[in-house]
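Here is start30.tsv, consisting of TSV, C-alpha atoms and all ligand atoms:
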```tsv
chain	number	residue	atom	x	y	z
A	1	MET	CA	6.03	-17.53	-6.22
A	2	PHE	CA	5.69	-19.13	-2.78
A	3	LYS	CA	8.64	-21.26	-1.75
A	4	MET	CA	8.31	-23.33	1.39
A	5	PRO	CA	11.06	-22.24	3.78
A	6	THR	CA	13.11	-24.59	5.95
A	7	ILE	CA	13.30	-23.64	9.62
A	8	ASN	CA	16.19	-24.60	11.88
A	9	ILE	CA	17.07	-24.17	15.52
A	10	ASP	CA	20.71	-24.21	16.55
A	11	PRO	CA	20.83	-26.74	19.43
A	12	ALA	CA	24.14	-25.30	20.65
A	13	THR	CA	22.58	-21.94	21.54
A	14	CYS	CA	18.85	-22.68	22.04
A	15	THR	CA	17.83	-22.62	25.72
A	16	ASN	CA	14.40	-24.16	25.05
A	17	CYS	CA	12.70	-21.11	26.50
A	18	GLY	CA	9.67	-21.81	24.27
A	19	THR	CA	9.14	-18.24	23.09
A	20	CYS	CA	9.28	-19.09	19.37
A	21	ALA	CA	6.75	-21.89	19.89
A	22	ASP	CA	4.37	-19.52	21.69
A	23	ILE	CA	4.73	-16.65	19.25
A	24	CYS	CA	4.55	-18.42	15.88
A	25	ALA	CA	1.13	-17.82	14.31
A	26	SER	CA	1.43	-20.98	12.25
A	27	GLY	CA	2.33	-23.45	15.03
A	28	ILE	CA	5.57	-24.42	13.30
A	29	PHE	CA	7.39	-25.39	16.52
A	30	ILE	CA	6.59	-28.27	18.83
A	31	LYS	CA	7.91	-29.28	22.24
A	32	ASP	CA	8.99	-32.88	22.27
A	33	THR	CA	8.75	-35.25	25.25
A	34	GLU	CA	12.00	-33.89	26.72
A	35	LYS	CA	10.54	-30.34	26.54
A	36	LYS	CA	12.94	-29.56	23.74
A	37	VAL	CA	11.65	-27.07	21.17
A	38	ARG	CA	11.99	-28.07	17.55
A	39	PRO	CA	10.49	-26.96	14.24
A	40	ASP	CA	8.22	-29.62	12.74
A	41	PRO	CA	8.90	-30.07	9.00
A	42	ALA	CA	5.30	-31.24	8.60
A	43	ASN	CA	4.25	-27.64	9.27
A	44	PHE	CA	6.86	-25.81	7.15
A	45	ALA	CA	4.34	-25.14	4.37
A	46	LEU	CA	2.38	-22.95	6.83
A	47	CYS	CA	5.30	-20.59	7.48
A	48	ILE	CA	4.53	-17.09	6.19
A	49	SER	CA	8.08	-15.78	6.79
A	50	CYS	CA	6.72	-13.17	9.18
A	51	GLY	CA	9.95	-13.24	11.21
A	52	GLN	CA	8.15	-13.24	14.59
A	53	CYS	CA	10.24	-16.19	15.86
A	54	MET	CA	13.50	-14.44	14.87
A	55	MET	CA	12.26	-11.13	16.32
A	56	SER	CA	11.83	-12.73	19.72
A	57	CYS	CA	14.50	-15.42	20.15
A	58	PRO	CA	16.90	-14.18	22.88
A	59	GLU	CA	19.75	-16.31	21.49
A	60	LYS	CA	19.23	-15.71	17.74
A	61	ALA	CA	19.08	-19.51	17.61
A	62	VAL	CA	16.17	-19.87	15.20
A	63	HIS	CA	16.70	-19.47	11.47
A	64	VAL	CA	14.02	-19.24	8.82
A	65	GLU	CA	15.32	-19.85	5.30
A	66	GLY	CA	15.32	-16.59	3.35
A	67	LEU	CA	15.46	-14.37	6.45
A	68	ASP	CA	18.68	-12.93	7.79
A	69	TYR	CA	19.18	-11.43	11.28
A	70	GLU	CA	21.37	-8.64	9.89
A	71	ARG	CA	19.54	-7.80	6.67
A	72	ASP	CA	15.88	-8.30	7.51
A	73	PHE	CA	15.59	-7.00	11.08
A	74	THR	CA	16.14	-3.68	12.80
A	75	ASP	CA	16.85	-3.13	16.47
A	76	TRP	CA	13.69	-2.70	18.48
A	77	PRO	CA	12.98	1.06	18.29
A	78	GLY	CA	13.11	3.45	21.20
A	79	PRO	CA	9.99	4.84	22.89
A	80	ALA	CA	6.93	5.39	20.71
A	81	ALA	CA	5.64	8.93	20.22
A	82	ALA	CA	3.41	10.15	23.02
A	83	TYR	CA	-0.23	9.42	22.14
A	84	GLU	CA	-1.00	13.10	21.63
A	85	THR	CA	1.85	13.47	19.13
A	86	PHE	CA	0.77	10.35	17.28
A	87	ARG	CA	-2.89	11.41	17.26
A	88	ASN	CA	-1.98	14.91	16.05
A	89	THR	CA	0.01	13.41	13.18
A	90	MET	CA	-2.91	11.25	12.11
A	91	ILE	CA	-5.43	14.08	12.36
A	92	ARG	CA	-3.16	16.47	10.47
A	93	ARG	CA	-3.24	14.10	7.49
A	94	ARG	CA	-5.75	15.46	5.02
A	95	SER	CA	-5.91	14.89	1.29
A	96	VAL	CA	-3.62	17.49	-0.27
A	97	ARG	CA	-4.26	18.41	-3.89
A	98	CYS	CA	-2.45	21.77	-4.18
A	99	PHE	CA	1.31	21.54	-4.27
A	100	GLN	CA	4.31	23.84	-4.29
A	101	GLN	CA	6.52	23.63	-7.37
A	102	LYS	CA	9.21	22.04	-5.24
A	103	PRO	CA	10.85	18.70	-5.99
A	104	ILE	CA	10.94	15.97	-3.34
A	105	PRO	CA	14.46	14.85	-2.43
A	106	ARG	CA	15.07	11.19	-3.29
A	107	GLU	CA	16.19	10.50	0.34
A	108	VAL	CA	12.76	11.53	1.64
A	109	LEU	CA	11.02	9.11	-0.70
A	110	GLU	CA	13.50	6.42	0.28
A	111	GLU	CA	12.64	7.04	3.96
A	112	ILE	CA	8.95	6.57	3.10
A	113	GLY	CA	9.82	3.43	1.11
A	114	ASP	CA	11.78	2.07	4.05
A	115	PHE	CA	8.81	2.67	6.35
A	116	LEU	CA	6.60	0.56	4.04
A	117	ARG	CA	8.77	-2.46	4.83
A	118	HIS	CA	7.18	-2.50	8.31
A	119	ALA	CA	3.59	-2.81	7.04
A	120	PRO	CA	1.64	-6.02	7.72
A	121	PHE	CA	1.12	-8.43	4.83
A	122	GLY	CA	-1.34	-11.26	4.24
A	123	VAL	CA	0.70	-14.10	2.81
A	124	GLU	CA	4.13	-13.01	1.65
A	125	ALA	CA	5.91	-9.75	2.28
A	126	LEU	CA	6.95	-9.32	-1.33
A	127	ASN	CA	3.56	-9.92	-2.98
A	128	ALA	CA	2.85	-6.20	-3.26
A	129	ALA	CA	5.33	-3.94	-5.04
A	130	VAL	CA	5.75	-0.18	-5.14
A	131	THR	CA	6.90	2.03	-8.00
A	132	VAL	CA	7.91	5.58	-7.09
A	133	ILE	CA	7.73	8.10	-9.93
A	134	ASN	CA	9.62	11.15	-8.72
A	135	ASP	CA	9.63	12.76	-12.13
A	136	ARG	CA	7.00	15.33	-13.13
A	137	LYS	CA	8.03	14.98	-16.80
A	138	LYS	CA	7.09	11.30	-16.77
A	139	ILE	CA	3.77	12.15	-15.09
A	140	GLU	CA	3.11	14.79	-17.74
A	141	GLU	CA	3.94	12.28	-20.47
A	142	ALA	CA	1.31	9.95	-18.97
A	143	LEU	CA	-1.45	12.53	-18.47
A	144	PRO	CA	-2.62	12.86	-22.13
A	145	VAL	CA	-2.66	9.06	-22.40
A	146	MET	CA	-4.83	8.85	-19.28
A	147	LEU	CA	-7.16	11.55	-20.59
A	148	LYS	CA	-7.52	9.74	-23.91
A	149	ARG	CA	-8.60	6.62	-22.03
A	150	TYR	CA	-11.14	8.65	-20.06
A	151	GLN	CA	-12.42	10.25	-23.25
A	152	GLY	CA	-13.05	6.73	-24.57
A	153	MET	CA	-14.91	5.86	-21.37
A	154	ARG	CA	-17.02	9.02	-21.61
A	155	LYS	CA	-18.01	8.05	-25.13
A	156	PHE	CA	-18.71	4.45	-24.16
A	157	PHE	CA	-20.99	5.40	-21.27
A	158	GLY	CA	-22.65	8.14	-23.28
A	159	THR	CA	-25.64	6.01	-24.23
A	160	TRP	CA	-28.20	4.51	-21.85
A	161	LEU	CA	-27.97	1.21	-23.70
A	162	ALA	CA	-24.26	0.91	-22.93
A	163	ARG	CA	-24.96	1.70	-19.28
A	164	ILE	CA	-27.68	-0.96	-19.04
A	165	LEU	CA	-25.55	-3.59	-20.79
A	166	PHE	CA	-22.56	-2.75	-18.58
A	167	LYS	CA	-24.45	-3.05	-15.26
A	168	PRO	CA	-24.42	-6.84	-14.84
A	169	LEU	CA	-20.72	-6.99	-15.75
A	170	VAL	CA	-19.39	-5.08	-12.72
A	171	ASN	CA	-19.94	-5.34	-9.00
A	172	PRO	CA	-22.60	-2.95	-7.59
A	173	SER	CA	-20.05	-0.88	-5.65
A	174	ASP	CA	-17.95	-0.15	-8.76
A	175	TYR	CA	-21.13	0.53	-10.76
A	176	ASN	CA	-22.20	3.13	-8.20
A	177	THR	CA	-18.77	4.79	-8.17
A	178	ILE	CA	-18.73	4.96	-11.96
A	179	PHE	CA	-22.21	6.40	-12.36
A	180	THR	CA	-22.50	8.68	-9.35
A	181	HIS	CA	-18.92	9.97	-9.26
A	182	LEU	CA	-16.80	9.23	-12.31
A	183	LEU	CA	-19.25	10.00	-15.12
A	184	PRO	CA	-20.36	13.40	-13.74
A	185	LEU	CA	-16.65	14.26	-13.59
A	186	LEU	CA	-16.06	13.11	-17.16
A	187	ASP	CA	-19.08	15.11	-18.30
A	188	GLN	CA	-17.18	18.29	-17.44
A	189	ASP	CA	-15.12	19.64	-20.33
A	190	ARG	CA	-12.64	21.18	-17.90
A	191	PHE	CA	-11.55	17.66	-16.89
A	192	PHE	CA	-10.09	17.30	-20.38
A	193	ASN	CA	-8.65	20.80	-20.56
A	194	THR	CA	-4.91	20.25	-20.78
A	195	GLU	CA	-4.09	23.98	-20.63
A	196	GLY	CA	-2.35	23.95	-17.29
A	197	GLU	CA	-5.06	22.01	-15.42
A	198	ASP	CA	-4.30	18.53	-14.15
A	199	TRP	CA	-7.43	17.01	-12.57
A	200	ILE	CA	-5.88	13.58	-12.20
A	201	CYS	CA	-2.44	14.00	-10.64
A	202	ARG	CA	-3.11	17.61	-9.49
A	203	GLY	CA	0.29	18.89	-10.53
A	204	ALA	CA	2.04	16.65	-7.96
A	205	PRO	CA	5.78	16.19	-8.42
A	206	ALA	CA	5.61	12.49	-7.47
A	207	VAL	CA	3.31	9.49	-7.71
A	208	MET	CA	3.55	6.13	-5.95
A	209	LEU	CA	1.91	3.11	-7.55
A	210	PHE	CA	1.12	0.01	-5.48
A	211	HIS	CA	0.79	-3.16	-7.53
A	212	GLY	CA	1.25	-6.91	-7.56
A	213	ARG	CA	1.21	-10.00	-9.70
A	214	LYS	CA	-2.44	-10.81	-10.41
A	215	ASP	CA	-2.20	-14.28	-8.85
A	216	ALA	CA	-0.21	-13.24	-5.75
A	217	GLY	CA	-2.00	-13.90	-2.46
A	218	GLU	CA	-3.48	-10.83	-0.73
A	219	TYR	CA	-1.55	-8.29	-2.83
A	220	VAL	CA	-4.67	-6.10	-3.04
A	221	ALA	CA	-5.10	-5.79	0.72
A	222	ASP	CA	-1.33	-5.46	1.20
A	223	SER	CA	-1.26	-2.56	-1.28
A	224	TRP	CA	-4.04	-0.69	0.54
A	225	ILE	CA	-2.29	-1.12	3.87
A	226	MET	CA	1.00	0.09	2.41
A	227	ILE	CA	-0.59	3.18	0.87
A	228	ASN	CA	-1.82	4.15	4.34
A	229	TYR	CA	1.67	3.70	5.78
A	230	ALA	CA	2.98	5.88	2.94
A	231	MET	CA	0.47	8.66	3.69
A	232	ILE	CA	1.37	8.74	7.37
A	233	SER	CA	5.11	8.66	6.70
A	234	ALA	CA	4.70	11.43	4.08
A	235	GLN	CA	2.89	13.50	6.69
A	236	TYR	CA	5.87	13.20	9.05
A	237	HIS	CA	8.18	14.39	6.28
A	238	GLY	CA	6.15	17.55	5.69
A	239	LEU	CA	4.60	16.19	2.51
A	240	GLY	CA	0.94	16.16	1.54
A	241	SER	CA	-0.60	13.24	-0.32
A	242	THR	CA	-3.88	11.99	-1.79
A	243	ILE	CA	-5.05	8.58	-2.94
A	244	ILE	CA	-6.05	8.87	-6.59
A	245	GLY	CA	-8.62	6.30	-7.65
A	246	LEU	CA	-8.53	7.64	-11.21
A	247	ILE	CA	-5.02	6.35	-11.90
A	248	PRO	CA	-5.12	2.52	-11.51
A	249	PRO	CA	-7.94	1.62	-13.97
A	250	VAL	CA	-6.35	3.49	-16.88
A	251	VAL	CA	-2.83	2.24	-16.14
A	252	ASN	CA	-4.16	-1.31	-16.02
A	253	GLN	CA	-5.89	-0.89	-19.39
A	254	SER	CA	-3.06	0.81	-21.26
A	255	GLY	CA	0.16	-0.81	-22.42
A	256	GLU	CA	1.55	2.68	-23.10
A	257	LEU	CA	0.97	3.83	-19.50
A	258	ARG	CA	2.36	0.59	-18.09
A	259	LYS	CA	5.48	1.19	-20.18
A	260	ILE	CA	5.85	4.83	-19.05
A	261	PHE	CA	5.55	3.77	-15.40
A	262	GLY	CA	7.53	0.54	-15.78
A	263	ILE	CA	4.78	-1.73	-14.42
A	264	PRO	CA	5.96	-5.33	-14.82
A	265	GLU	CA	4.10	-7.76	-17.09
A	266	GLY	CA	1.29	-9.57	-15.27
A	267	HIS	CA	1.06	-6.96	-12.50
A	268	LYS	CA	-2.12	-5.08	-11.64
A	269	VAL	CA	-2.04	-1.61	-10.10
A	270	VAL	CA	-4.25	-1.52	-7.01
A	271	CYS	CA	-3.90	2.04	-5.76
A	272	ALA	CA	-1.97	5.25	-6.39
A	273	LEU	CA	-0.78	8.12	-4.23
A	274	ILE	CA	0.23	11.61	-5.33
A	275	LEU	CA	2.76	13.44	-3.16
A	276	GLY	CA	4.24	16.89	-2.85
A	277	TYR	CA	4.88	19.81	-0.52
A	278	PRO	CA	1.51	21.43	0.35
A	279	LYS	CA	0.85	24.89	-1.03
A	280	HIS	CA	-1.70	25.83	1.63
A	281	ARG	CA	-1.93	25.46	5.38
A	282	TYR	CA	-5.09	24.06	6.91
A	283	LEU	CA	-6.62	25.92	9.82
A	284	ARG	CA	-8.85	23.08	11.03
A	285	SER	CA	-9.25	19.36	10.42
A	286	TYR	CA	-12.35	17.51	9.27
A	287	LYS	CA	-13.99	14.73	11.27
A	288	ALA	CA	-16.64	12.53	9.72
A	289	VAL	CA	-19.30	12.65	12.41
A	290	ALA	CA	-21.63	10.52	10.30
A	291	ARG	CA	-19.14	7.66	10.15
A	292	ASN	CA	-20.83	4.41	11.20
A	293	ILE	CA	-19.25	2.97	14.31
A	294	THR	CA	-21.19	0.44	16.38
A	295	TYR	CA	-20.06	-0.64	19.83
A	296	LEU	CA	-21.40	-3.97	21.09
A	297	GLY	CA	-20.57	-3.98	24.80
B	301	LIG	C1	-10.33	4.79	-2.63
B	301	LIG	C2	-10.08	6.27	-2.74
B	301	LIG	C3	-10.02	6.86	-3.99
B	301	LIG	C4	-9.80	8.25	-4.10
B	301	LIG	N1	-9.70	8.80	-5.34
B	301	LIG	C5	-9.46	10.15	-5.45
B	301	LIG	C6	-9.28	10.77	-6.73
B	301	LIG	O1	-9.33	10.12	-7.77
B	301	LIG	N2	-9.05	12.09	-6.79
B	301	LIG	C7	-8.97	12.86	-5.65
B	301	LIG	O2	-8.76	14.07	-5.77
B	301	LIG	N3	-9.13	12.31	-4.43
B	301	LIG	C8	-9.35	10.96	-4.30
B	301	LIG	N4	-9.45	10.38	-3.04
B	301	LIG	C9	-9.30	11.21	-1.85
B	301	LIG	C10	-10.63	11.43	-1.17
B	301	LIG	O3	-11.40	12.29	-1.93
B	301	LIG	C11	-10.39	11.98	0.25
B	301	LIG	O4	-9.76	10.99	1.03
B	301	LIG	C12	-11.70	12.40	0.90
B	301	LIG	O5	-12.17	13.54	0.26
B	301	LIG	C13	-11.54	12.69	2.38
B	301	LIG	O6	-10.61	13.72	2.55
B	301	LIG	P1	-9.41	13.56	3.61
B	301	LIG	O7	-8.49	12.50	3.06
B	301	LIG	O8	-8.81	14.93	3.66
B	301	LIG	O9	-10.04	13.13	4.89
B	301	LIG	C14	-9.66	9.03	-2.93
B	301	LIG	C15	-9.68	8.42	-1.67
B	301	LIG	C16	-9.88	7.04	-1.58
B	301	LIG	C17	-9.87	6.40	-0.21
B	302	LIG	S1	8.67	-16.87	10.30
B	302	LIG	FE1	6.66	-16.63	11.29
B	302	LIG	S2	5.44	-18.35	10.52
B	302	LIG	FE2	7.58	-18.82	10.04
B	302	LIG	S3	8.29	-20.05	11.76
B	302	LIG	FE3	8.80	-17.94	12.28
B	302	LIG	S4	7.06	-17.16	13.44
B	302	LIG	FE4	6.40	-19.05	12.43
B	303	LIG	S1	13.06	-18.71	21.16
B	303	LIG	FE1	15.15	-19.26	20.61
B	303	LIG	S2	16.04	-19.98	22.52
B	303	LIG	FE2	13.81	-19.97	22.82
B	303	LIG	S3	13.17	-22.04	22.24
B	303	LIG	FE3	13.00	-20.81	20.39
B	303	LIG	S4	14.97	-21.10	19.35
B	303	LIG	FE4	15.24	-21.79	21.44
```

I'd like the structure from this file rewritten - as C-alpha cells, please.
Ligand SMILES: Cc1cc2nc3c(=O)[nH]c(=O)nc-3n(C[C@H](O)[C@H](O)[C@H](O)COP(=O)(O)O)c2cc1C
Ligand code: SF4
Ligand code: SF4
Amino acid sequence: MFKMPTINIDPATCTNCGTCADICASGIFIKDTEKKVRPDPANFALCISCGQCMMSCPEKAVHVEGLDYERDFTDWPGPAAAYETFRNTMIRRRSVRCFQQKPIPREVLEEIGDFLRHAPFGVEALNAAVTVINDRKKIEEALPVMLKRYQGMRKFFGTWLARILFKPLVNPSDYNTIFTHLLPLLDQDRFFNTEGEDWICRGAPAVMLFHGRKDAGEYVADSWIMINYAMISAQYHGLGSTIIGLIPPVVNQSGELRKIFGIPEGHKVVCALILGYPKHRYLRSYKAVARNITYLG
C-alpha cells in the first residue's frame, strides 16, 4: 500500500546546486528566496520513490524515506555495449520453445531477477512481483490442472449459444484472441495429449510469473515491462525464453494452481515466461516487415 515518504536534505552537506530540484519528476523541491533548495512537504504525496534525486546528488545530501544509498543504488555502470552488440543481442532474441534437458543454475536466475530491479515502474517499484519456478516437477504437477481448465473452456465454448452470450462480456481484443487463436488450439486433441507432449510450458525447466495485487497502481504495465527485461537478460545468459499467454488465465482461475505456484492471495498473474537452454540454433532472424510504423516528420 502506498505510504507517503518524507524527504530531507542535510543542510550541512547540501551545496544548493539545484540538481535534485531540476531532476525530480514530481516537483518535490523548491528554491526559496535565498536560493536554498528544500523539499516542500506539501508535495510529498507526489513522490514516487524513483530515486532520481538520490541518483544525482553529488553530496548524497538528499534522503527519501524508504530509500538507502547503500542498499537501493548501484554505482553508475561502465560503458554501455557498442550499439552493434546491443542490437545483435536484441535481434538474436526469438521465442524459444524447444529446450535441452539441462537445469538452469539458481545464480543465473538470480542475475536475471537482479536485472529486473532496473526496470521502469508506473507508481511504485514494488507493485509488480515475480515468482520464479525453477522446478520442472512443480511445472509438471501444474500441467494436468491447467489442461483440465482448458478442457472445461473447450466444453463451454463448444456451443454457438455460449459464444454469443459470452461476446458482450469480454473486450473485443480478448474475444478475437479466444475465437481466432485459443479455440482452434483447444479443438486439437493433441493439445490434451499428456503422453510426453507439453503444449503449454513446452518442456521448459523454469517458468517466471509476473503478478501484482489487483488494486496496485500500474502493476499490469510494470509486469509487461519486466517480462521484456527478463527476456533480454535471459538472452545474455545463453537462455531461450517465450511469453506464454496460456498460463495466466488458468492460474488466475484455479486455487490449486495458485497454491502450486505460491501466488499470494489477492494477486493477479499478468504474464508468464518459460525459460531454458535452447535445443536448436537459429540460422537467421525474423523481421516483421508488415509492422505498422508511421513517421510524422
Ligand atoms: C502476449 C503474448 C502471448 C504469447 N503467448 C504464447 C503462447 O501461449 N504460446 C507460445 O508458444 N507462444 C506465445 N507467445 C510468443 C509469440 O508466439 C511469439 O512472440 C511470436 O511468435 C513472435 O516470435 P518471436 O518472439 O520469435 O519474434 C506469446 C507472445 C506474446 C507477446
Ligand atoms: S524519489 Fe523521485 S519523486 Fe521522490 S523526491 Fe526524489 S526524484 Fe522526486
Ligand atoms: S542535489 Fe544534493 S547538493 Fe544539490 S541541491 Fe539537491 S540536495 Fe543539495

| task | Could you please determine the separation between CA of Gly203 in chain A and atom O8 of ligand LIG 301 (chain B) in Å, to one decimal place? | result |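 Atom O8 of ligand LIG 301 (chain B) lies 17.3 Å from CA of Gly203 in chain A.
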
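Using all atoms listed in the file, the shortest contact distance between ligand LIG 303 (chain B) and any of A:Thr177, A:Thr131, A:Thr15, A:Gln253 is found at A:Thr15.
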
| message | Residues contacting ligand LIG 301 (chain B) - anything with an atom at most 8 Å away, using only C-alpha atoms and all ligand atoms - can you give me those as a VMD selection string? | response | chain A and resid 93 to 97 199 to 202 242 to 247 271 286 to 287

| message | Counting all atoms listed in the file, find residues at most 10 Å from (-1.7, -14.5, -9.5) (file frame) and give them as number ranges by chain. | response | A: 1, 127, 212-219, 266-268

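Each residue with an atom within 7 Å of any atom of ligand LIG 302 (chain B) appears in the list, which was built counting only C-alpha atoms and all ligand atoms: Ile7, Cys20, Ile23, Cys24, Ala25, Ser26, Gly27, Ile28, Leu46, Cys47, Ile48, Ser49, Cys50, Gly51, Gln52, Cys53, Met54 and Val64 of chain A.
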
| CA of Asp198 in chain A and CA of Asn228 in chain A, how far apart in Å? |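 One can read the CA of Asn228 in chain A to CA of Asp198 in chain A distance as 23.6 Å.
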